[in-house]
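S.K.: This is upload.txt (compact mmCIF, C-alpha atoms).
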```txt
# COMPACT_ATOMS: atom_id res chain seq x y z
CA MET E 1 -5.64 118.97 -208.15
CA LYS E 2 -3.11 117.75 -210.71
CA ASN E 3 -5.68 118.07 -213.48
CA VAL E 4 -6.53 121.62 -212.42
CA LEU E 5 -2.84 122.54 -212.34
CA LEU E 6 -2.22 120.93 -215.74
CA THR E 7 -5.18 122.80 -217.22
CA ALA E 8 -3.92 126.09 -215.80
CA VAL E 9 -0.41 125.50 -217.15
CA THR E 10 -1.76 124.55 -220.57
CA ALA E 11 -3.96 127.65 -220.70
CA ALA E 12 -1.02 129.83 -219.73
CA LEU E 13 1.12 128.32 -222.48
CA VAL E 14 -1.63 128.85 -225.05
CA LEU E 15 -2.03 132.48 -224.01
CA ALA E 16 1.73 133.02 -224.06
CA GLY E 17 1.96 131.46 -227.50
CA SER E 18 -0.88 133.61 -228.78
CA ALA E 19 0.73 136.73 -227.37
CA HIS E 20 4.05 135.80 -228.93
CA ALA E 21 2.36 135.20 -232.29
CA GLN E 22 0.94 138.73 -232.18
CA GLU E 23 4.23 140.44 -231.25
CA TRP E 24 5.10 141.26 -234.87
CA LYS E 25 1.96 143.40 -235.12
CA GLN E 26 3.47 145.87 -232.66
CA SER E 27 6.37 146.53 -235.03
CA TYR E 28 4.55 146.05 -238.33
CA LYS E 29 1.29 147.94 -238.17
CA THR E 30 1.41 148.25 -241.96
CA ILE E 31 2.64 145.53 -244.32
CA ARG E 32 3.93 146.70 -247.68
CA TYR E 33 3.56 144.31 -250.62
CA GLY E 34 5.39 144.93 -253.89
CA VAL E 35 4.05 144.11 -257.34
CA THR E 36 6.24 144.24 -260.46
CA SER E 37 5.35 145.94 -263.72
CA ALA E 38 4.07 143.29 -266.12
CA GLU E 39 1.24 145.66 -267.07
CA ASN E 40 0.41 149.35 -266.80
CA GLU E 41 0.26 150.74 -263.27
CA LYS E 42 -3.45 151.65 -263.30
CA ASP E 43 -4.54 148.11 -264.19
CA ARG E 44 -2.01 146.60 -261.78
CA ILE E 45 -3.33 148.58 -258.83
CA ALA E 46 -6.94 147.81 -259.77
CA ARG E 47 -6.22 144.08 -259.95
CA TYR E 48 -4.71 144.07 -256.47
CA GLN E 49 -7.31 146.12 -254.59
CA GLY E 50 -9.26 143.02 -253.56
CA PHE E 51 -6.04 141.26 -252.60
CA GLN E 52 -5.06 144.20 -250.40
CA ALA E 53 -8.40 144.07 -248.57
CA TYR E 54 -8.11 140.28 -248.23
CA LEU E 55 -4.67 140.48 -246.61
CA GLU E 56 -5.82 143.21 -244.23
CA LYS E 57 -8.68 141.00 -243.09
CA GLN E 58 -6.47 137.92 -242.68
CA LEU E 59 -3.55 139.66 -240.98
CA GLY E 60 -5.38 142.26 -238.91
CA VAL E 61 -3.06 145.10 -239.98
CA ASN E 62 -2.98 147.67 -242.75
CA VAL E 63 -1.59 146.57 -246.13
CA GLU E 64 -0.15 148.82 -248.82
CA ILE E 65 0.40 147.69 -252.42
CA PHE E 66 3.71 149.06 -253.67
CA THR E 67 4.30 149.59 -257.38
CA ALA E 68 7.21 151.06 -259.31
CA GLY E 69 7.93 152.09 -262.87
CA SER E 70 10.40 149.22 -263.27
CA TYR E 71 11.21 145.84 -261.79
CA ASP E 72 14.32 147.33 -260.19
CA GLY E 73 12.17 149.74 -258.20
CA VAL E 74 10.54 146.81 -256.37
CA ILE E 75 13.88 145.00 -255.99
CA GLN E 76 15.52 148.07 -254.46
CA ALA E 77 12.52 148.54 -252.16
CA LEU E 78 13.09 145.03 -250.80
CA ALA E 79 16.83 145.61 -250.49
CA SER E 80 16.33 148.85 -248.54
CA ASP E 81 13.60 147.43 -246.26
CA GLN E 82 10.98 149.74 -247.75
CA ILE E 83 8.64 146.79 -248.37
CA GLU E 84 8.27 143.44 -246.63
CA PHE E 85 6.95 141.13 -249.35
CA ALA E 86 6.69 141.08 -253.14
CA SER E 87 5.35 139.01 -255.99
CA LEU E 88 8.35 138.62 -258.28
CA GLY E 89 9.24 136.91 -261.51
CA SER E 90 12.04 134.35 -261.32
CA SER E 91 14.71 136.73 -262.63
CA ALA E 92 13.55 139.58 -260.40
CA TYR E 93 13.76 137.19 -257.43
CA ALA E 94 17.29 136.24 -258.46
CA ALA E 95 18.18 139.93 -258.74
CA ALA E 96 16.75 140.61 -255.28
CA TYR E 97 18.65 137.61 -253.89
CA THR E 98 21.91 138.94 -255.31
CA GLU E 99 21.21 142.57 -254.36
CA THR E 100 20.49 141.61 -250.74
CA ASN E 101 23.32 139.05 -250.47
CA GLY E 102 20.80 136.30 -249.90
CA GLY E 103 18.56 138.42 -247.72
CA VAL E 104 15.29 137.30 -249.31
CA GLU E 105 13.57 133.95 -249.53
CA PRO E 106 10.93 132.45 -251.85
CA LEU E 107 7.78 131.15 -250.18
CA LEU E 108 5.15 130.14 -252.74
CA ALA E 109 4.79 129.75 -256.50
CA GLN E 110 1.64 129.33 -258.54
CA VAL E 111 0.70 125.93 -259.94
CA ASP E 112 -1.79 125.04 -262.68
CA LYS E 113 -4.43 122.33 -262.89
CA GLU E 114 -1.98 119.99 -264.61
CA GLY E 115 0.46 120.38 -261.74
CA ALA E 116 2.89 122.53 -263.75
CA SER E 117 4.52 125.46 -261.99
CA GLY E 118 6.10 127.19 -264.98
CA TYR E 119 5.51 129.45 -267.97
CA TYR E 120 7.25 130.38 -271.24
CA SER E 121 9.05 133.33 -272.74
CA VAL E 122 7.94 134.05 -276.30
CA VAL E 123 8.97 136.40 -279.09
CA THR E 124 5.92 138.07 -280.63
CA VAL E 125 5.42 139.77 -283.99
CA ARG E 126 2.50 141.15 -285.97
CA CYS E 127 0.78 138.24 -287.69
CA ASP E 128 0.81 140.17 -290.97
CA SER E 129 4.54 140.98 -290.76
CA GLY E 130 5.70 137.93 -292.67
CA TYR E 131 8.16 137.00 -289.89
CA LYS E 132 7.98 133.26 -289.21
CA SER E 133 11.18 132.57 -287.25
CA ILE E 134 14.05 134.31 -285.49
CA ASP E 135 16.05 134.07 -288.73
CA ASP E 136 13.54 136.45 -290.33
CA LEU E 137 14.34 139.10 -287.69
CA LYS E 138 17.98 139.57 -288.73
CA GLY E 139 18.67 143.31 -288.77
CA LYS E 140 15.28 144.09 -287.19
CA VAL E 141 14.32 145.60 -283.82
CA LEU E 142 13.55 143.22 -280.95
CA ALA E 143 12.24 144.90 -277.79
CA PHE E 144 12.90 143.35 -274.42
CA ALA E 145 10.62 144.22 -271.50
CA ASP E 146 12.89 145.13 -268.60
CA PRO E 147 16.46 144.18 -267.61
CA ASP E 148 15.12 142.46 -264.47
CA SER E 149 12.33 140.59 -266.27
CA THR E 150 12.69 136.81 -266.41
CA SER E 151 10.58 136.11 -269.48
CA GLY E 152 10.90 139.57 -271.01
CA TYR E 153 14.71 139.66 -271.04
CA ALA E 154 16.89 137.18 -269.14
CA VAL E 155 15.53 133.90 -270.49
CA PRO E 156 15.08 134.95 -274.14
CA TYR E 157 18.47 136.69 -274.24
CA PHE E 158 20.27 133.72 -272.64
CA ASN E 159 18.55 131.12 -274.84
CA LEU E 160 18.91 133.10 -278.08
CA VAL E 161 22.66 133.31 -277.50
CA LYS E 162 22.82 129.58 -276.80
CA GLN E 163 20.95 128.99 -280.08
CA GLY E 164 23.47 131.05 -282.04
CA TYR E 165 21.73 134.44 -282.13
CA ASP E 166 23.74 137.14 -280.38
CA PRO E 167 21.14 139.89 -279.81
CA LYS E 168 23.79 142.64 -279.85
CA THR E 169 24.83 141.83 -283.41
CA PHE E 170 21.94 139.84 -284.91
CA PHE E 171 19.28 142.54 -284.38
CA SER E 172 19.61 146.19 -285.40
CA ALA E 173 18.50 147.30 -281.91
CA VAL E 174 17.37 145.67 -278.66
CA PRO E 175 15.65 148.43 -276.62
CA PHE E 176 13.79 147.97 -273.34
CA SER E 177 10.10 148.84 -273.64
CA GLY E 178 9.60 149.12 -269.86
CA SER E 179 6.88 146.47 -269.52
CA HIS E 180 5.45 143.46 -271.30
CA GLU E 181 2.30 145.24 -272.41
CA THR E 182 4.25 148.22 -273.74
CA GLY E 183 6.44 145.91 -275.80
CA VAL E 184 3.53 144.03 -277.34
CA MET E 185 1.68 147.29 -277.98
CA GLY E 186 4.83 148.59 -279.66
CA VAL E 187 4.76 145.59 -282.02
CA PHE E 188 1.10 146.17 -282.77
CA ASN E 189 1.78 149.86 -283.50
CA LYS E 190 4.85 148.93 -285.62
CA GLN E 191 7.31 150.69 -283.31
CA PHE E 192 9.15 147.38 -282.87
CA ASP E 193 9.43 144.46 -285.25
CA ALA E 194 9.23 142.00 -282.37
CA ALA E 195 8.93 141.93 -278.58
CA ALA E 196 9.69 139.42 -275.86
CA THR E 197 6.92 138.63 -273.40
CA TYR E 198 5.36 135.53 -271.81
CA ILE E 199 2.50 133.08 -272.02
CA ASN E 200 1.28 130.53 -269.49
CA THR E 201 -0.73 128.40 -271.90
CA GLU E 202 -2.23 128.74 -275.36
CA LYS E 203 -5.13 130.61 -273.75
CA SER E 204 -3.33 132.62 -271.09
CA GLY E 205 -0.53 135.18 -271.22
CA ILE E 206 0.22 138.83 -271.92
CA PRO E 207 -1.06 138.95 -275.55
CA GLN E 208 -4.23 137.07 -274.59
CA ARG E 209 -4.80 139.35 -271.60
CA MET E 210 -4.39 142.44 -273.79
CA GLU E 211 -6.97 141.06 -276.21
CA THR E 212 -9.39 140.40 -273.35
CA LYS E 213 -8.95 143.96 -272.08
CA GLY E 214 -9.54 145.36 -275.56
CA MET E 215 -6.05 146.82 -275.84
CA ILE E 216 -5.35 145.02 -279.13
CA PRO E 217 -7.66 143.25 -281.59
CA SER E 218 -7.76 139.47 -281.52
CA GLY E 219 -5.51 137.62 -283.93
CA GLN E 220 -3.04 140.47 -284.56
CA ILE E 221 -0.10 139.19 -282.50
CA CYS E 222 1.63 135.88 -283.29
CA ARG E 223 4.49 133.96 -281.64
CA ILE E 224 7.55 132.86 -283.61
CA TRP E 225 9.78 131.61 -280.77
CA GLN E 226 9.23 129.95 -277.41
CA SER E 227 11.64 129.19 -274.55
CA PRO E 228 11.92 126.11 -272.36
CA GLU E 229 9.63 126.19 -269.33
CA ILE E 230 10.48 128.78 -266.65
CA THR E 231 9.64 128.16 -263.00
CA ASN E 232 6.91 130.54 -261.85
CA GLY E 233 8.17 133.50 -259.87
CA PRO E 234 7.71 133.36 -256.11
CA LEU E 235 6.00 135.24 -253.35
CA THR E 236 9.15 136.63 -251.77
CA ALA E 237 9.85 137.77 -248.21
CA ARG E 238 12.74 139.55 -246.54
CA LYS E 239 14.60 137.13 -244.31
CA ASN E 240 14.99 139.72 -241.57
CA LEU E 241 11.26 139.72 -240.83
CA PRO E 242 9.79 137.94 -237.79
CA ALA E 243 9.15 134.27 -238.55
CA ASP E 244 5.55 134.61 -237.34
CA LEU E 245 4.90 137.42 -239.80
CA ILE E 246 6.36 135.46 -242.71
CA ALA E 247 4.28 132.42 -241.72
CA ALA E 248 1.09 134.50 -241.45
CA VAL E 249 1.47 136.04 -244.92
CA LYS E 250 2.48 132.71 -246.43
CA THR E 251 -0.62 131.04 -244.98
CA ALA E 252 -2.92 133.87 -246.06
CA VAL E 253 -1.70 133.77 -249.65
CA LYS E 254 -1.66 129.97 -249.84
CA ASP E 255 -5.27 129.87 -248.60
CA LEU E 256 -6.46 132.66 -250.92
CA PRO E 257 -7.95 130.38 -253.64
CA LYS E 258 -10.28 128.69 -251.17
CA ASN E 259 -10.90 131.71 -248.94
CA ASP E 260 -11.69 134.18 -251.71
CA PRO E 261 -11.85 132.65 -255.21
CA GLU E 262 -12.90 135.95 -256.81
CA VAL E 263 -9.84 137.80 -255.53
CA TYR E 264 -7.63 134.91 -256.62
CA LYS E 265 -9.19 135.05 -260.07
CA MET E 266 -8.54 138.79 -260.22
CA ILE E 267 -4.82 138.64 -259.40
CA THR E 268 -4.32 135.73 -261.84
CA SER E 269 -6.11 137.74 -264.56
CA GLY E 270 -8.87 135.16 -264.87
CA ASP E 271 -6.43 132.40 -265.82
CA GLU E 272 -8.66 129.31 -265.84
CA THR E 273 -5.63 127.02 -265.49
CA ALA E 274 -4.47 128.62 -262.22
CA ASN E 275 -4.84 126.19 -259.33
CA GLY E 276 -3.31 127.67 -256.20
CA TYR E 277 0.21 127.61 -254.85
CA ILE E 278 2.99 125.23 -253.89
CA GLU E 279 5.81 125.86 -251.44
CA VAL E 280 9.19 126.57 -253.02
CA ASP E 281 12.74 127.16 -251.80
CA HIS E 282 15.81 128.94 -253.13
CA GLN E 283 17.30 125.83 -254.74
CA ARG E 284 14.54 125.90 -257.31
CA TYR E 285 15.76 129.31 -258.54
CA GLU E 286 19.51 128.79 -258.28
CA TRP E 287 19.86 128.31 -262.06
CA ILE E 288 18.21 131.68 -262.58
CA VAL E 289 20.79 133.29 -260.30
CA GLU E 290 23.53 131.59 -262.35
CA MET E 291 21.93 132.78 -265.59
CA ARG E 292 21.87 136.36 -264.33
CA ASP E 293 25.56 136.06 -263.40
CA TRP E 294 26.27 134.97 -266.98
CA LEU E 295 24.30 137.93 -268.32
CA ARG E 296 26.24 140.36 -266.11
CA GLN E 297 29.50 138.94 -267.40
CA GLN E 298 28.31 139.49 -270.97
CA ARG E 299 27.48 143.11 -270.20
CA ARG E 300 30.93 143.72 -268.71
CA GLN E 301 32.47 142.36 -271.88
CA GLY E 302 30.53 144.93 -273.87
```
Spit out the file's structure as structure tokens when you get a sec.

M.R.:
Amino acid sequence: MKNVLLTAVTAALVLAGSAHAQEWKQSYKTIRYGVTSAENEKDRIARYQGFQAYLEKQLGVNVEIFTAGSYDGVIQALASDQIEFASLGSSAYAAAYTETNGGVEPLLAQVDKEGASGYYSVVTVRCDSGYKSIDDLKGKVLAFADPDSTSGYAVPYFNLVKQGYDPKTFFSAVPFSGSHETGVMGVFNKQFDAAATYINTEKSGIPQRMETKGMIPSGQICRIWQSPEITNGPLTARKNLPADLIAAVKTAVKDLPKNDPEVYKMITSGDETANGYIEVDHQRYEWIVEMRDWLRQQRRQG
């Protein structure tokens, strides 16, 4: 009799737990996932179609991929509860953290086969321009990607100043191109003398991706400056979401490389060094928040 009672109680607890785990689906029949603008919108949406279908299958609810013309569009969407999750660069995460007064949290960051979980900001020029170092760009035009881009603005700006190059006075102009690809294309078309973007490795990054897609010929874009390593940007969630929902999305994304290698390859742009995800917390990005605070202070000072 005791065994029968214990079995009944256990079954009831399991059912109750299962029902509780599904409660979030009553309030979130559609999950909205933001993607920032490292590339043009058409290619971005195409790259994430398989990921959208994968999440819908894993979560059992509809999923919408949210894009915007700028990084700030995704950040503001998080801050106003228009989207639930987003893939952000480190600086965009820091901006979202500040904008929401700590109302977002990082969940996962990509890691490579060597165990590294970072990438690099670079300054690119045309290989035939004759520019070999930052010194050669004095009085020239350096395009940054977006004010909320980690590798396309925050890190290069911060590090150039620390190295003695004040962008406001050293260069003739420092416009924002709007995206990494637009900046590099502007260099190729001689609209800009140089542009800030990023690479993961010698074989992977924005210039390499643009060559692969046939946007620019191979061997036309060279790097003349590289930053220290930047921690990969995180999968970010709003803190005001149900814990079960956050856990479900975190698990689905973390398991993506083994569950659907082709979709994982698509969203990592075929990066052969990509090797899944590691769990991260806010402490890992605190220096980025501090760097953004420094940048804001510089802007206030003119």

S.K.: What's the separation between CA of Ala154 (chain E) and CA of Thr182 (chain E), in Å to one decimal place?

M.R.: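 Computed distance, CA of Ala154 (chain E) to CA of Thr182 (chain E), equals 17.4 Å.
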
S.K.: Under the rule that only C-alpha atoms are counted, which of E:Gln76, E:Gln26, E:Ser37, E:Gln301 is the nearest residue to Thr98 (chain E)?

M.R.: E:Gln76

S.K.: Restricting the calculation to all atoms listed in the file, which member of E:Glu56, E:Asp135, E:Glu286, E:Asp146 is positioned closest to Leu160 (chain E)?

M.R.: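 Result for the nearest residue to Leu160 (chain E): E:Asp135.
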
S.K.: Quick one: distance from CA of Asn62 (chain E) to CA of Gln82 (chain E) in Å, one decimal?

M.R.: 15.0 Å

S.K.: Out of E:Phe176, E:Trp225, E:Tyr285, E:Tyr264, which residue has the shortest atom-to-atom distance to Ser70 (chain E) when counting all atoms listed in the file?

M.R.: E:Phe176

S.K.: Could you please determine the separation between CA of Thr36 (chain E) and CA of Tyr119 (chain E) in Å, to one decimal place?

M.R.: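 Result for CA of Thr36 (chain E) versus CA of Tyr119 (chain E): 16.6 Å, one decimal.
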
S.K.: Smallest atom-to-atom distance to Gly233 (chain E): which of E:Asn275, E:Ser172, E:Ser269, E:Ser117, using all atoms listed in the file?

M.R.: E:Ser117

S.K.: Nearest to Ser80 (chain E) among E:Tyr120, E:Arg238, E:Asn159, E:Tyr165, with distances taken over only C-alpha atoms: which residue is it?

M.R.: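 Going through E:Tyr120, E:Arg238, E:Asn159, E:Tyr165 one by one, the smallest distance to Ser80 (chain E) is for E:Arg238.
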
S.K.: List as CSV every residue of region 226-274 of chain E that is in contact with region 122-129 of chain E, defined as an atom at most 12 Å from one of its atoms (using all atoms listed in the file), together with the nearest atom pair and the distance in Å rounded to one decimal, sorted by chain and then rising number.

M.R.:
```
residue,atom,partner,partner_atom,distance
E:Gln226,CA,E:Val122,CA,4.4
E:Ser227,CA,E:Val122,CA,6.4
E:Pro228,CA,E:Val122,CA,9.7
E:Glu229,CA,E:Val122,CA,10.6
E:Ile230,CA,E:Val122,CA,11.3
```

S.K.: Export C-alpha atoms of the chosen residues as a PDB file, in the frame of the given file?

M.R.:
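Heads up, here's the output in again_8.pdb:
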```
ATOM      1  CA  GLN E 226       9.230 129.950-277.410  1.00  0.00           C
ATOM      2  CA  SER E 227      11.640 129.190-274.550  1.00  0.00           C
ATOM      3  CA  PRO E 228      11.920 126.110-272.360  1.00  0.00           C
ATOM      4  CA  GLU E 229       9.630 126.190-269.330  1.00  0.00           C
ATOM      5  CA  ILE E 230      10.480 128.780-266.650  1.00  0.00           C
TER       6      ILE E 230
END
```

S.K.: Residues at most 10 Å from Phe144 (chain E), counting only C-alpha atoms, excluding those fewer than 6 positions away in the same chain, as a short mmCIF file (atom, residue, chain, number, x, y, z; two decimals) with C-alpha atoms, keeping the file's coordinate frame?

M.R.:
```
data_model
loop_
_atom_site.label_atom_id
_atom_site.label_comp_id
_atom_site.auth_asym_id
_atom_site.auth_seq_id
_atom_site.Cartn_x
_atom_site.Cartn_y
_atom_site.Cartn_z
CA VAL E 123 8.97 136.40 -279.09
CA SER E 151 10.58 136.11 -269.48
CA GLY E 152 10.90 139.57 -271.01
CA TYR E 153 14.71 139.66 -271.04
CA ALA E 154 16.89 137.18 -269.14
CA PRO E 156 15.08 134.95 -274.14
CA TYR E 157 18.47 136.69 -274.24
CA VAL E 174 17.37 145.67 -278.66
CA PRO E 175 15.65 148.43 -276.62
CA PHE E 176 13.79 147.97 -273.34
CA SER E 177 10.10 148.84 -273.64
CA GLY E 178 9.60 149.12 -269.86
CA SER E 179 6.88 146.47 -269.52
CA HIS E 180 5.45 143.46 -271.30
CA THR E 182 4.25 148.22 -273.74
CA GLY E 183 6.44 145.91 -275.80
CA VAL E 184 3.53 144.03 -277.34
CA ALA E 194 9.23 142.00 -282.37
CA ALA E 195 8.93 141.93 -278.58
CA ALA E 196 9.69 139.42 -275.86
CA THR E 197 6.92 138.63 -273.40
#
```

S.K.: Select all residues near (2.6, 131.6, -273.5) (cut-off 8 Å, inclusive, file coordinates), counting only C-alpha atoms, and output them as a compact mmCIF listing (two decimals) with C-alpha atoms, in the frame of the given file.

M.R.:
```txt
# COMPACT_ATOMS: atom_id res chain seq x y z
CA TYR E 119 5.51 129.45 -267.97
CA TYR E 120 7.25 130.38 -271.24
CA SER E 121 9.05 133.33 -272.74
CA VAL E 122 7.94 134.05 -276.30
CA TYR E 198 5.36 135.53 -271.81
CA ILE E 199 2.50 133.08 -272.02
CA ASN E 200 1.28 130.53 -269.49
CA THR E 201 -0.73 128.40 -271.90
CA GLU E 202 -2.23 128.74 -275.36
CA LYS E 203 -5.13 130.61 -273.75
CA SER E 204 -3.33 132.62 -271.09
CA GLY E 205 -0.53 135.18 -271.22
CA ILE E 206 0.22 138.83 -271.92
CA GLN E 226 9.23 129.95 -277.41
```

S.K.: Hey, which of E:Trp24, E:Tyr71, E:Tyr48, E:Phe188 ends up closest to Ala243 (chain E)? Count all atoms listed in the file.

M.R.: E:Trp24

S.K.: Take the point (15.7, 139.1, -247.8) in the file's coordinates, draw a sphere of radius 7 Å around it, and report as a ChimeraX atom specification every protein, DNA or RNA residue with an atom inside or on it, counting all atoms listed in the file.

M.R.: /E:97,100,102-105,237-240

S.K.: Sorted by chain and rising residue number, list the residues of region 56-125 of chain E at most 8 Å from region 27-30 of chain E (counting only C-alpha atoms), each with its closest atom pair and distance in Å to one decimal, as a tab-separated table.

M.R.:
```
residue	atom	partner	partner_atom	distance
E:Val61	CA	E:Lys29	CA	5.5
E:Asn62	CA	E:Thr30	CA	4.5
E:Val63	CA	E:Thr30	CA	5.4
E:Glu64	CA	E:Thr30	CA	7.1
```

S.K.: Restore N, CA and C atoms in region 252-272 of chain E and list the result as a PDB file, in the coordinates of the input.

M.R.:
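Below is the file that was written, result.pdb:
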```pdb
ATOM      1  N   ALA E 252      -1.829 133.086-245.472  1.00  0.00           N
ATOM      2  CA  ALA E 252      -2.920 133.870-246.060  1.00  0.00           C
ATOM      3  C   ALA E 252      -2.936 133.750-247.569  1.00  0.00           C
ATOM      4  N   VAL E 253      -1.760 133.854-248.199  1.00  0.00           N
ATOM      5  CA  VAL E 253      -1.700 133.770-249.650  1.00  0.00           C
ATOM      6  C   VAL E 253      -1.991 132.348-250.128  1.00  0.00           C
ATOM      7  N   LYS E 254      -1.436 131.365-249.439  1.00  0.00           N
ATOM      8  CA  LYS E 254      -1.660 129.970-249.840  1.00  0.00           C
ATOM      9  C   LYS E 254      -3.138 129.599-249.754  1.00  0.00           C
ATOM     10  N   ASP E 255      -3.853 130.179-248.788  1.00  0.00           N
ATOM     11  CA  ASP E 255      -5.270 129.870-248.600  1.00  0.00           C
ATOM     12  C   ASP E 255      -6.193 130.749-249.431  1.00  0.00           C
ATOM     13  N   LEU E 256      -5.640 131.722-250.149  1.00  0.00           N
ATOM     14  CA  LEU E 256      -6.460 132.660-250.920  1.00  0.00           C
ATOM     15  C   LEU E 256      -7.425 131.973-251.881  1.00  0.00           C
ATOM     16  N   PRO E 257      -7.004 130.972-252.682  1.00  0.00           N
ATOM     17  CA  PRO E 257      -7.950 130.380-253.640  1.00  0.00           C
ATOM     18  C   PRO E 257      -9.210 129.813-253.009  1.00  0.00           C
ATOM     19  N   LYS E 258      -9.081 129.243-251.824  1.00  0.00           N
ATOM     20  CA  LYS E 258     -10.280 128.690-251.170  1.00  0.00           C
ATOM     21  C   LYS E 258     -11.016 129.722-250.340  1.00  0.00           C
ATOM     22  N   ASN E 259     -10.265 130.691-249.775  1.00  0.00           N
ATOM     23  CA  ASN E 259     -10.900 131.710-248.940  1.00  0.00           C
ATOM     24  C   ASN E 259     -11.636 132.773-249.742  1.00  0.00           C
ATOM     25  N   ASP E 260     -11.069 133.137-250.886  1.00  0.00           N
ATOM     26  CA  ASP E 260     -11.690 134.180-251.710  1.00  0.00           C
ATOM     27  C   ASP E 260     -11.374 133.926-253.185  1.00  0.00           C
ATOM     28  N   PRO E 261     -12.107 133.007-253.811  1.00  0.00           N
ATOM     29  CA  PRO E 261     -11.850 132.650-255.210  1.00  0.00           C
ATOM     30  C   PRO E 261     -11.906 133.827-256.173  1.00  0.00           C
ATOM     31  N   GLU E 262     -12.769 134.810-255.899  1.00  0.00           N
ATOM     32  CA  GLU E 262     -12.900 135.950-256.810  1.00  0.00           C
ATOM     33  C   GLU E 262     -11.643 136.818-256.800  1.00  0.00           C
ATOM     34  N   VAL E 263     -11.070 137.027-255.623  1.00  0.00           N
ATOM     35  CA  VAL E 263      -9.840 137.800-255.530  1.00  0.00           C
ATOM     36  C   VAL E 263      -8.694 137.042-256.199  1.00  0.00           C
ATOM     37  N   TYR E 264      -8.666 135.727-255.979  1.00  0.00           N
ATOM     38  CA  TYR E 264      -7.630 134.910-256.620  1.00  0.00           C
ATOM     39  C   TYR E 264      -7.744 134.987-258.138  1.00  0.00           C
ATOM     40  N   LYS E 265      -8.965 134.947-258.633  1.00  0.00           N
ATOM     41  CA  LYS E 265      -9.190 135.050-260.070  1.00  0.00           C
ATOM     42  C   LYS E 265      -8.726 136.399-260.592  1.00  0.00           C
ATOM     43  N   MET E 266      -8.930 137.447-259.804  1.00  0.00           N
ATOM     44  CA  MET E 266      -8.540 138.790-260.220  1.00  0.00           C
ATOM     45  C   MET E 266      -7.020 138.917-260.343  1.00  0.00           C
ATOM     46  N   ILE E 267      -6.277 138.444-259.352  1.00  0.00           N
ATOM     47  CA  ILE E 267      -4.820 138.640-259.400  1.00  0.00           C
ATOM     48  C   ILE E 267      -4.145 137.676-260.380  1.00  0.00           C
ATOM     49  N   THR E 268      -4.866 136.626-260.806  1.00  0.00           N
ATOM     50  CA  THR E 268      -4.320 135.730-261.840  1.00  0.00           C
ATOM     51  C   THR E 268      -4.905 136.066-263.204  1.00  0.00           C
ATOM     52  N   SER E 269      -5.551 137.240-263.286  1.00  0.00           N
ATOM     53  CA  SER E 269      -6.110 137.740-264.560  1.00  0.00           C
ATOM     54  C   SER E 269      -7.100 136.776-265.192  1.00  0.00           C
ATOM     55  N   GLY E 270      -7.856 136.067-264.350  1.00  0.00           N
ATOM     56  CA  GLY E 270      -8.870 135.160-264.870  1.00  0.00           C
ATOM     57  C   GLY E 270      -8.314 133.911-265.523  1.00  0.00           C
ATOM     58  N   ASP E 271      -7.051 133.589-265.239  1.00  0.00           N
ATOM     59  CA  ASP E 271      -6.430 132.400-265.820  1.00  0.00           C
ATOM     60  C   ASP E 271      -7.151 131.147-265.324  1.00  0.00           C
ATOM     61  N   GLU E 272      -7.862 130.481-266.216  1.00  0.00           N
ATOM     62  CA  GLU E 272      -8.660 129.310-265.840  1.00  0.00           C
ATOM     63  C   GLU E 272      -7.803 128.102-265.473  1.00  0.00           C
TER      64      GLU E 272
END
```
